[in-house]
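Chemist: Sharing coords13.csv here; it has CSV, C-alpha atoms and all ligand atoms.
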```
chain,number,residue,atom,x,y,z
J,1,MET,CA,-15.2,-14.1,-8.7
J,2,ALA,CA,-12.4,-11.6,-9.2
J,3,LEU,CA,-9.5,-11.7,-6.7
J,4,ASN,CA,-9.7,-8.2,-5.2
J,5,ILE,CA,-7.1,-7.9,-2.5
J,6,VAL,CA,-6.6,-4.9,-0.1
J,7,MET,CA,-3.2,-4.5,1.6
J,8,LEU,CA,-3.7,-2.7,4.9
J,9,GLY,CA,-1.0,-1.7,7.4
J,10,PRO,CA,1.0,1.3,8.5
J,11,PRO,CA,3.6,3.0,6.2
J,12,GLY,CA,6.7,0.9,6.1
J,13,ALA,CA,4.9,-2.4,7.0
J,14,GLY,CA,5.9,-3.9,3.6
J,15,LYS,CA,2.6,-3.3,1.7
J,16,GLY,CA,4.3,-2.3,-1.6
J,17,THR,CA,6.8,-5.2,-1.5
J,18,GLN,CA,4.1,-7.7,-0.7
J,19,ALA,CA,1.6,-6.3,-3.1
J,20,ALA,CA,4.1,-6.7,-6.0
J,21,ARG,CA,4.8,-10.3,-5.0
J,22,LEU,CA,1.0,-11.1,-4.7
J,23,ALA,CA,0.4,-9.5,-8.1
J,24,GLN,CA,3.0,-11.6,-9.7
J,25,ARG,CA,1.8,-14.8,-8.0
J,26,TYR,CA,-1.8,-14.4,-9.1
J,27,GLY,CA,-1.2,-12.6,-12.5
J,28,ILE,CA,-3.2,-9.5,-11.5
J,29,PRO,CA,-2.0,-5.9,-11.4
J,30,ALA,CA,-0.8,-4.1,-8.2
J,31,VAL,CA,-2.3,-0.7,-7.9
J,32,SER,CA,-0.5,1.7,-5.6
J,33,THR,CA,-2.3,5.0,-5.1
J,34,GLY,CA,1.0,6.4,-3.6
J,35,ASP,CA,2.9,5.5,-6.8
J,36,MET,CA,0.1,7.0,-9.0
J,37,LEU,CA,0.3,10.2,-7.1
J,38,ARG,CA,4.1,10.3,-7.1
J,39,ASP,CA,4.1,9.8,-10.9
J,40,ALA,CA,1.7,12.7,-11.2
J,41,VAL,CA,3.9,14.9,-9.1
J,42,GLN,CA,7.0,13.9,-11.0
J,43,ALA,CA,5.3,14.5,-14.4
J,44,GLY,CA,4.0,17.9,-13.2
J,45,THR,CA,0.4,17.3,-14.2
J,46,GLU,CA,-2.5,19.2,-12.8
J,47,LEU,CA,-3.2,16.4,-10.3
J,48,GLY,CA,0.5,16.4,-9.3
J,49,ARG,CA,0.4,20.1,-8.6
J,50,ARG,CA,-2.7,19.6,-6.5
J,51,VAL,CA,-1.4,16.9,-4.2
J,52,LYS,CA,2.4,17.7,-3.9
J,53,ALA,CA,2.2,19.8,-0.7
J,54,VAL,CA,-0.2,17.5,1.0
J,55,MET,CA,2.1,14.5,0.3
J,56,GLU,CA,5.2,16.3,1.4
J,57,ARG,CA,3.8,17.0,4.8
J,58,GLY,CA,2.6,13.4,5.2
J,59,ASP,CA,-1.1,14.2,5.2
J,60,LEU,CA,-3.8,12.4,3.1
J,61,VAL,CA,-5.2,13.8,-0.1
J,62,GLY,CA,-9.0,14.2,-0.2
J,63,ASP,CA,-11.3,11.2,-0.2
J,64,ASP,CA,-13.3,12.3,-3.3
J,65,LEU,CA,-10.1,12.9,-5.3
J,66,ILE,CA,-8.5,9.5,-4.5
J,67,VAL,CA,-11.8,7.6,-4.9
J,68,ASP,CA,-12.2,9.0,-8.4
J,69,ILE,CA,-8.6,8.0,-9.3
J,70,VAL,CA,-9.2,4.5,-8.1
J,71,ARG,CA,-12.6,4.2,-9.7
J,72,GLU,CA,-11.0,5.2,-13.1
J,73,ARG,CA,-8.2,2.7,-12.6
J,74,LEU,CA,-10.5,-0.2,-11.7
J,75,ARG,CA,-12.4,0.5,-15.0
J,76,ARG,CA,-9.4,-0.6,-17.0
J,77,ALA,CA,-9.6,-4.1,-18.5
J,78,ASP,CA,-6.5,-5.4,-16.8
J,79,THR,CA,-8.3,-5.5,-13.4
J,80,ALA,CA,-11.1,-7.8,-14.7
J,81,GLU,CA,-9.6,-10.9,-13.0
J,82,GLY,CA,-8.6,-8.9,-9.9
J,83,VAL,CA,-6.3,-6.4,-8.4
J,84,VAL,CA,-4.0,-5.9,-5.4
J,85,LEU,CA,-4.7,-2.5,-3.8
J,86,ASP,CA,-1.7,-0.9,-2.0
J,87,GLY,CA,-2.4,2.3,0.0
J,88,PHE,CA,-6.1,2.4,-0.7
J,89,PRO,CA,-8.4,2.6,1.2
J,90,ARG,CA,-7.0,4.8,4.0
J,91,THR,CA,-10.2,6.1,5.6
J,92,THR,CA,-13.5,4.6,6.3
J,93,ALA,CA,-15.1,6.8,3.7
J,94,GLN,CA,-12.7,5.3,1.1
J,95,ALA,CA,-13.5,1.8,2.3
J,96,ALA,CA,-17.2,2.4,2.0
J,97,ALA,CA,-16.7,3.7,-1.6
J,98,LEU,CA,-14.6,0.7,-2.4
J,99,ASP,CA,-17.3,-1.7,-1.1
J,100,ALA,CA,-19.6,-0.1,-3.8
J,101,MET,CA,-16.9,-0.6,-6.5
J,102,ALA,CA,-15.5,-4.1,-6.0
J,103,ASP,CA,-16.9,-7.2,-4.5
J,104,GLY,CA,-15.3,-10.3,-2.9
J,105,LEU,CA,-12.6,-8.2,-1.1
J,106,ILE,CA,-9.8,-10.1,0.6
J,107,VAL,CA,-8.3,-7.8,3.3
J,108,LEU,CA,-4.8,-8.4,4.6
J,109,ASP,CA,-3.4,-6.3,7.4
J,110,ILE,CA,0.4,-6.4,7.8
J,111,ALA,CA,1.1,-5.6,11.5
J,112,VAL,CA,4.4,-3.9,12.5
J,113,PRO,CA,5.2,-1.9,15.7
J,114,ASP,CA,5.9,1.9,15.4
J,115,ASP,CA,9.6,1.9,16.4
J,116,GLU,CA,10.4,-0.7,13.7
J,117,LEU,CA,8.5,1.4,11.1
J,118,VAL,CA,10.5,4.5,11.8
J,119,ARG,CA,13.7,2.5,11.5
J,120,ARG,CA,12.6,0.9,8.2
J,121,LEU,CA,11.2,4.1,6.6
J,122,SER,CA,14.3,6.2,7.4
J,123,SER,CA,16.6,3.8,5.6
J,124,ARG,CA,14.2,2.9,2.7
J,125,ARG,CA,15.3,3.8,-0.8
J,126,ILE,CA,13.3,3.7,-4.0
J,127,CYS,CA,14.3,3.9,-7.6
J,128,ARG,CA,14.1,7.4,-9.0
J,129,ASP,CA,13.2,6.0,-12.5
J,130,CYS,CA,10.8,3.0,-12.0
J,131,GLY,CA,9.7,3.6,-8.4
J,132,ALA,CA,10.7,0.0,-7.2
J,133,ILE,CA,11.5,-0.4,-3.5
J,134,ALA,CA,15.1,-1.4,-3.1
J,135,ASP,CA,16.1,-4.5,-1.1
J,136,PRO,CA,17.3,-3.1,2.3
J,137,ALA,CA,20.6,-4.9,2.0
J,138,VAL,CA,21.2,-3.2,-1.4
J,139,ALA,CA,20.0,0.2,-0.2
J,140,ALA,CA,22.5,0.0,2.7
J,141,ARG,CA,25.3,0.1,0.2
J,142,GLY,CA,24.7,3.8,-0.1
J,143,ASP,CA,25.9,5.6,-3.2
J,144,ALA,CA,27.1,2.4,-4.9
J,145,ALA,CA,23.6,0.9,-4.9
J,146,ALA,CA,21.5,0.8,-8.0
J,147,CYS,CA,17.9,-0.4,-8.8
J,148,ALA,CA,17.9,-4.2,-9.2
J,149,ARG,CA,15.0,-3.9,-11.7
J,150,CYS,CA,16.2,-1.2,-14.1
J,151,GLY,CA,19.7,0.0,-12.9
J,152,GLY,CA,18.3,3.4,-11.9
J,153,THR,CA,19.5,5.6,-9.1
J,154,LEU,CA,18.2,4.9,-5.7
J,155,VAL,CA,16.8,7.9,-3.8
J,156,GLN,CA,15.0,8.6,-0.5
J,157,ARG,CA,11.3,9.4,-0.8
J,158,SER,CA,10.8,13.1,0.3
J,159,ASP,CA,8.2,11.9,2.8
J,160,ASP,CA,10.6,9.2,4.3
J,161,HIS,CA,12.5,11.8,6.3
J,162,GLU,CA,12.0,11.2,10.1
J,163,ASP,CA,9.8,14.2,10.9
J,164,VAL,CA,7.4,13.4,8.0
J,165,VAL,CA,7.5,9.7,8.9
J,166,ARG,CA,6.3,10.6,12.4
J,167,GLU,CA,3.5,12.7,10.9
J,168,ARG,CA,2.5,9.8,8.6
J,169,LEU,CA,2.4,7.4,11.5
J,170,LYS,CA,0.1,9.8,13.4
J,171,VAL,CA,-2.2,10.1,10.4
J,172,TYR,CA,-2.2,6.3,10.1
J,173,GLN,CA,-3.3,5.9,13.7
J,174,GLN,CA,-6.0,8.6,13.5
J,175,ARG,CA,-7.5,8.0,10.1
J,176,THR,CA,-6.5,4.5,8.8
J,177,ARG,CA,-6.2,2.3,11.8
J,178,PRO,CA,-10.0,2.5,12.4
J,179,LEU,CA,-10.3,0.5,9.1
J,180,LEU,CA,-9.2,-2.6,11.1
J,181,ASP,CA,-12.5,-2.3,13.0
J,182,TYR,CA,-14.4,-1.7,9.7
J,183,TYR,CA,-13.0,-5.0,8.2
J,184,ARG,CA,-12.2,-7.2,11.3
J,185,GLN,CA,-15.5,-9.0,11.5
J,186,ARG,CA,-15.4,-10.2,7.9
J,187,PRO,CA,-14.3,-13.8,7.3
J,188,SER,CA,-12.1,-12.5,4.4
J,189,PHE,CA,-10.0,-10.4,6.8
J,190,GLN,CA,-6.6,-11.6,8.1
J,191,SER,CA,-3.8,-9.9,10.1
J,192,ILE,CA,-0.2,-11.0,9.3
J,193,ASP,CA,2.8,-10.6,11.5
J,194,GLY,CA,5.0,-8.2,9.5
J,195,LEU,CA,8.1,-8.6,11.7
J,196,GLN,CA,9.1,-11.8,9.9
J,197,SER,CA,11.4,-11.8,6.9
J,198,THR,CA,10.0,-10.6,3.6
J,199,ASP,CA,9.9,-14.2,2.3
J,200,ALA,CA,8.1,-15.5,5.5
J,201,VAL,CA,5.5,-12.7,5.2
J,202,ALA,CA,5.0,-13.5,1.5
J,203,GLU,CA,4.5,-17.2,2.4
J,204,ALA,CA,2.0,-16.4,5.2
J,205,ILE,CA,0.1,-14.1,2.9
J,206,ALA,CA,-0.1,-16.6,0.0
J,207,ARG,CA,-1.3,-19.3,2.4
J,208,GLU,CA,-4.1,-17.0,3.7
J,209,VAL,CA,-5.1,-15.9,0.2
J,210,ASP,CA,-5.2,-19.5,-1.1
J,211,ARG,CA,-7.2,-20.6,2.0
J,212,MET,CA,-9.7,-17.8,1.5
J,213,VAL,CA,-10.1,-18.5,-2.2
J,214,THR,CA,-10.7,-22.2,-1.5
J,215,ALA,CA,-13.2,-21.4,1.2
J,216,ARG,CA,-15.3,-19.1,-0.9
J,217,ARG,CA,-15.4,-21.7,-3.8
J,218,GLN,CA,-17.1,-24.2,-1.4
J,301,LIG,P1,2.1,5.7,0.1
J,301,LIG,O1,3.1,5.5,-1.0
J,301,LIG,O2,1.0,4.7,0.0
J,301,LIG,O3,2.7,5.8,1.5
J,301,LIG,O4,1.4,7.1,-0.2
J,301,LIG,C1,2.2,8.3,-0.2
J,301,LIG,C2,1.3,9.5,0.1
J,301,LIG,O5,0.3,9.6,-1.0
J,301,LIG,C3,0.5,9.5,1.3
J,301,LIG,O6,1.2,9.9,2.5
J,301,LIG,C4,-0.7,10.4,1.0
J,301,LIG,O7,-0.3,11.7,1.0
J,301,LIG,C5,-1.0,10.0,-0.5
J,301,LIG,N1,-1.9,8.9,-0.6
J,301,LIG,C6,-1.7,7.7,-1.1
J,301,LIG,N2,-2.8,6.9,-1.1
J,301,LIG,C7,-3.8,7.7,-0.5
J,301,LIG,C8,-5.1,7.4,-0.1
J,301,LIG,N3,-5.7,6.3,-0.3
J,301,LIG,N4,-5.8,8.5,0.5
J,301,LIG,C9,-5.2,9.7,0.7
J,301,LIG,N5,-4.0,9.9,0.4
J,301,LIG,C10,-3.2,9.0,-0.2
```
Would you write out, as C-alpha cells, the structure that this file holds?
Ligand code: AMP
Modeler:
Amino acid sequence: MALNIVMLGPPGAGKGTQAARLAQRYGIPAVSTGDMLRDAVQAGTELGRRVKAVMERGDLVGDDLIVDIVRERLRRADTAEGVVLDGFPRTTAQAAALDAMADGLIVLDIAVPDDELVRRLSSRRICRDCGAIADPAVAARGDAAACARCGGTLVQRSDDHEDVVRERLKVYQQRTRPLLDYYRQRPSFQSIDGLQSTDAVAEAIAREVDRMVTARRQ
C-alpha cells in the first residue's frame, strides 16, 4: 500500500519542515499546495493571477480549484509509492475529496498554541529562489543570512506579516480545525506535540509513521 501522509496543523506548526524530512526519509515527494500556488503567483500564470489576492489576505482559495490541482499532481508517476501532503486538505470538503483520491492515509497533526505560532511566523524567512524554509537561527542573522540549500536571498512571505498571520490563524480555527474531528477516530491519526525541537518532532513523527506502517502490515 502506498505511503500517503497528510500533515495537519496550523500555519507555523512546522508542517513544511517536517514534510520535507519525512519525504526524504521515505523517498517520496512532499507536495505543498502553498508552494505550488506561490510558484504560480511568482510565474504570473493564469492560476497565479486568480489566487494572488486571496492568498495575500490570508484566506483560502476555492475547494474545487485546489482539489483539481492536487488531483492532477497525484496523477504524476512520482507519487505511486506515496506522497507527503503539506497544506492539503484544509476543509472537510477537501478531505472528503482526498478520501476518494488516495487510500491508506496516515494523518499527522502537529499541535502548537497560537501565541507561539504568531511568534514563529513573524520571524520566519523563506528563500526567494527555491522556497526552502530557513533555519530560524540562520534567519535571525538578518540581511547577512542566505539560503542553506541554494545560497538565495531570504525573504519574508507576504502573508507572514502579523495582521495576515492573525487572519490565517482565524481561518485555520474556523475552516481547518474541524478536520481534527473528521480524522480523529481513525487508527491512522496521530497528534504530535509541536513545541519540541525540530529534531524531536521529526523523531516523534518517524516513530508514529513506522508504527502505523508496521500495524497495517499485520
Ligand atoms: P501555506 O503555504 O500552506 O500556508 O499556504 C499559503 C496560502 O495558500 C494559504 O493561506 C491559502 O491562501 C492558499 N492555500 C494553500 N493550500 C490551500 C488549500 N488546501 N486550500 C485552500 N487554500 C490553500
Chemist: Give me, as CSV, each residue of chain J that comes within 7 Å of ligand LIG 301 (chain J), together with its shortest interatomic pair and the distance in Å at one decimal, counting all atoms listed in the file, with rows ordered by chain and rising residue number.
Modeler:
```
residue,atom,partner,partner_atom,distance
J:Pro11,CA,J:LIG301,O3,5.5
J:Ser32,CA,J:LIG301,O2,6.5
J:Thr33,CA,J:LIG301,N2,4.5
J:Gly34,CA,J:LIG301,O1,3.5
J:Asp35,CA,J:LIG301,O1,5.8
J:Leu37,CA,J:LIG301,O5,6.1
J:Val54,CA,J:LIG301,O7,5.8
J:Met55,CA,J:LIG301,O7,3.8
J:Gly58,CA,J:LIG301,O6,4.6
J:Asp59,CA,J:LIG301,O7,5.0
J:Leu60,CA,J:LIG301,N5,3.7
J:Val61,CA,J:LIG301,N5,4.1
J:Gly62,CA,J:LIG301,C9,6.0
J:Asp63,CA,J:LIG301,N4,6.2
J:Ile66,CA,J:LIG301,N4,5.8
J:Asp86,CA,J:LIG301,O2,6.5
J:Gly87,CA,J:LIG301,O2,4.2
J:Phe88,CA,J:LIG301,N3,3.9
J:Pro89,CA,J:LIG301,N3,4.8
J:Arg90,CA,J:LIG301,N3,4.7
J:Arg168,CA,J:LIG301,O6,6.2
```
Chemist: How would the residues just chosen look if you wrote them out with C-alpha atoms as an mmCIF file, in the frame of the given file?
Modeler:
```cif
data_model
loop_
_atom_site.group_PDB
_atom_site.id
_atom_site.type_symbol
_atom_site.label_atom_id
_atom_site.label_comp_id
_atom_site.auth_asym_id
_atom_site.auth_seq_id
_atom_site.Cartn_x
_atom_site.Cartn_y
_atom_site.Cartn_z
ATOM 1 C CA PRO J 11 3.600 3.000 6.200
ATOM 2 C CA SER J 32 -0.500 1.700 -5.600
ATOM 3 C CA THR J 33 -2.300 5.000 -5.100
ATOM 4 C CA GLY J 34 1.000 6.400 -3.600
ATOM 5 C CA ASP J 35 2.900 5.500 -6.800
ATOM 6 C CA LEU J 37 0.300 10.200 -7.100
ATOM 7 C CA VAL J 54 -0.200 17.500 1.000
ATOM 8 C CA MET J 55 2.100 14.500 0.300
ATOM 9 C CA GLY J 58 2.600 13.400 5.200
ATOM 10 C CA ASP J 59 -1.100 14.200 5.200
ATOM 11 C CA LEU J 60 -3.800 12.400 3.100
ATOM 12 C CA VAL J 61 -5.200 13.800 -0.100
ATOM 13 C CA GLY J 62 -9.000 14.200 -0.200
ATOM 14 C CA ASP J 63 -11.300 11.200 -0.200
ATOM 15 C CA ILE J 66 -8.500 9.500 -4.500
ATOM 16 C CA ASP J 86 -1.700 -0.900 -2.000
ATOM 17 C CA GLY J 87 -2.400 2.300 0.000
ATOM 18 C CA PHE J 88 -6.100 2.400 -0.700
ATOM 19 C CA PRO J 89 -8.400 2.600 1.200
ATOM 20 C CA ARG J 90 -7.000 4.800 4.000
ATOM 21 C CA ARG J 168 2.500 9.800 8.600
#
```
Chemist: At what distance in Å, to one decimal, does CA of Gln185 in chain J lie from CA of Arg217 in chain J?
Modeler: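 Result for CA of Arg217 in chain J versus CA of Gln185 in chain J: 19.9 Å, one decimal.
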Chemist: To one decimal in Å, tell me the separation between CA of Gly16 in chain J and CA of Ile133 in chain J.
Modeler: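 CA of Gly16 in chain J sits 7.7 Å away from CA of Ile133 in chain J.
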Chemist: In file coordinates, which residues lie within 12 Å of (-10.3, -20.7, 1.3) using only C-alpha atoms, given as a PyMOL selection string?
Modeler: chain J and resi 106+187-190+206-218
Chemist: Counting only C-alpha atoms, which residues come within 12 Å of (5.4, 15.9, 4.6), with the point read in the file's coordinates, and could you list them as a list of chain:residue names?
Modeler: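 Checked against the point, the hits come out as J:Val51, J:Lys52, J:Ala53, J:Val54, J:Met55, J:Glu56, J:Arg57, J:Gly58, J:Asp59, J:Leu60, J:Val61, J:Arg157, J:Ser158, J:Asp159, J:Asp160, J:His161, J:Glu162, J:Asp163, J:Val164, J:Val165, J:Arg166, J:Glu167, J:Arg168, J:Leu169, J:Lys170, J:Val171.
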Chemist: Given only C-alpha atoms as the basis, pick out the residue of J:Ala20, J:Ala144, J:Val6, J:Ala13 nearest to Leu105 in chain J.
Modeler: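 Ranking J:Ala20, J:Ala144, J:Val6, J:Ala13 by distance to Leu105 in chain J, first place goes to J:Val6.
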Chemist: Can you work out the spacing between CA of Leu180 in chain J and CA of Leu74 in chain J in Å, to one decimal?
Modeler: 23.0 Å
Chemist: For Asp109 in chain J, which residue among J:Ala23, J:Cys147, J:Val67, J:Leu85 is the nearest when counting all atoms listed in the file?
Modeler: J:Leu85
Chemist: Of the candidates J:Val31, J:Ala204, J:Leu179, J:Leu117, which one gets nearest to Ile192 in chain J if we count only C-alpha atoms?
Modeler: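 Answer, going by the shortest atom-to-atom distance: J:Ala204.
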Chemist: Counting all atoms listed in the file, which of J:Ala139, J:Leu154, J:Ile110, J:Cys130 gets nearest to Gly12 in chain J?
Modeler: J:Ile110
Chemist: Residues within 7 Å of Arg124 in chain J, please, as an NGL selection string. Count only C-alpha atoms; anything in the same chain fewer than 2 positions from it doesn't count.
Modeler: :J and (120-122 or 126 or 136 or 156)
Chemist: Counting only C-alpha atoms, which of J:Ile69, J:Val155, J:Leu108, J:Ala77 gets nearest to Cys127 in chain J?
Modeler: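 Using only C-alpha atoms, Cys127 in chain J sits closest to J:Val155.
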Chemist: In terms of the shortest atom-to-atom distance over only C-alpha atoms, which of J:Ala137, J:Ala97, J:Val83, J:Ala40 is closest to Asp68 in chain J?
Modeler: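 Closest to Asp68 in chain J, using only C-alpha atoms: J:Ala97.
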Chemist: Extending 8 Å beyond the listed atoms of range 32-40 of chain J on each side, what axis-aligned box results? I want centre and edge lengths in Å to one decimal, as lines of an AutoDock Vina configuration file.
Modeler:
```
center_x = 0.9
center_y = 7.2
center_z = -7.4
size_x = 22.4
size_y = 27.0
size_z = 23.6
```
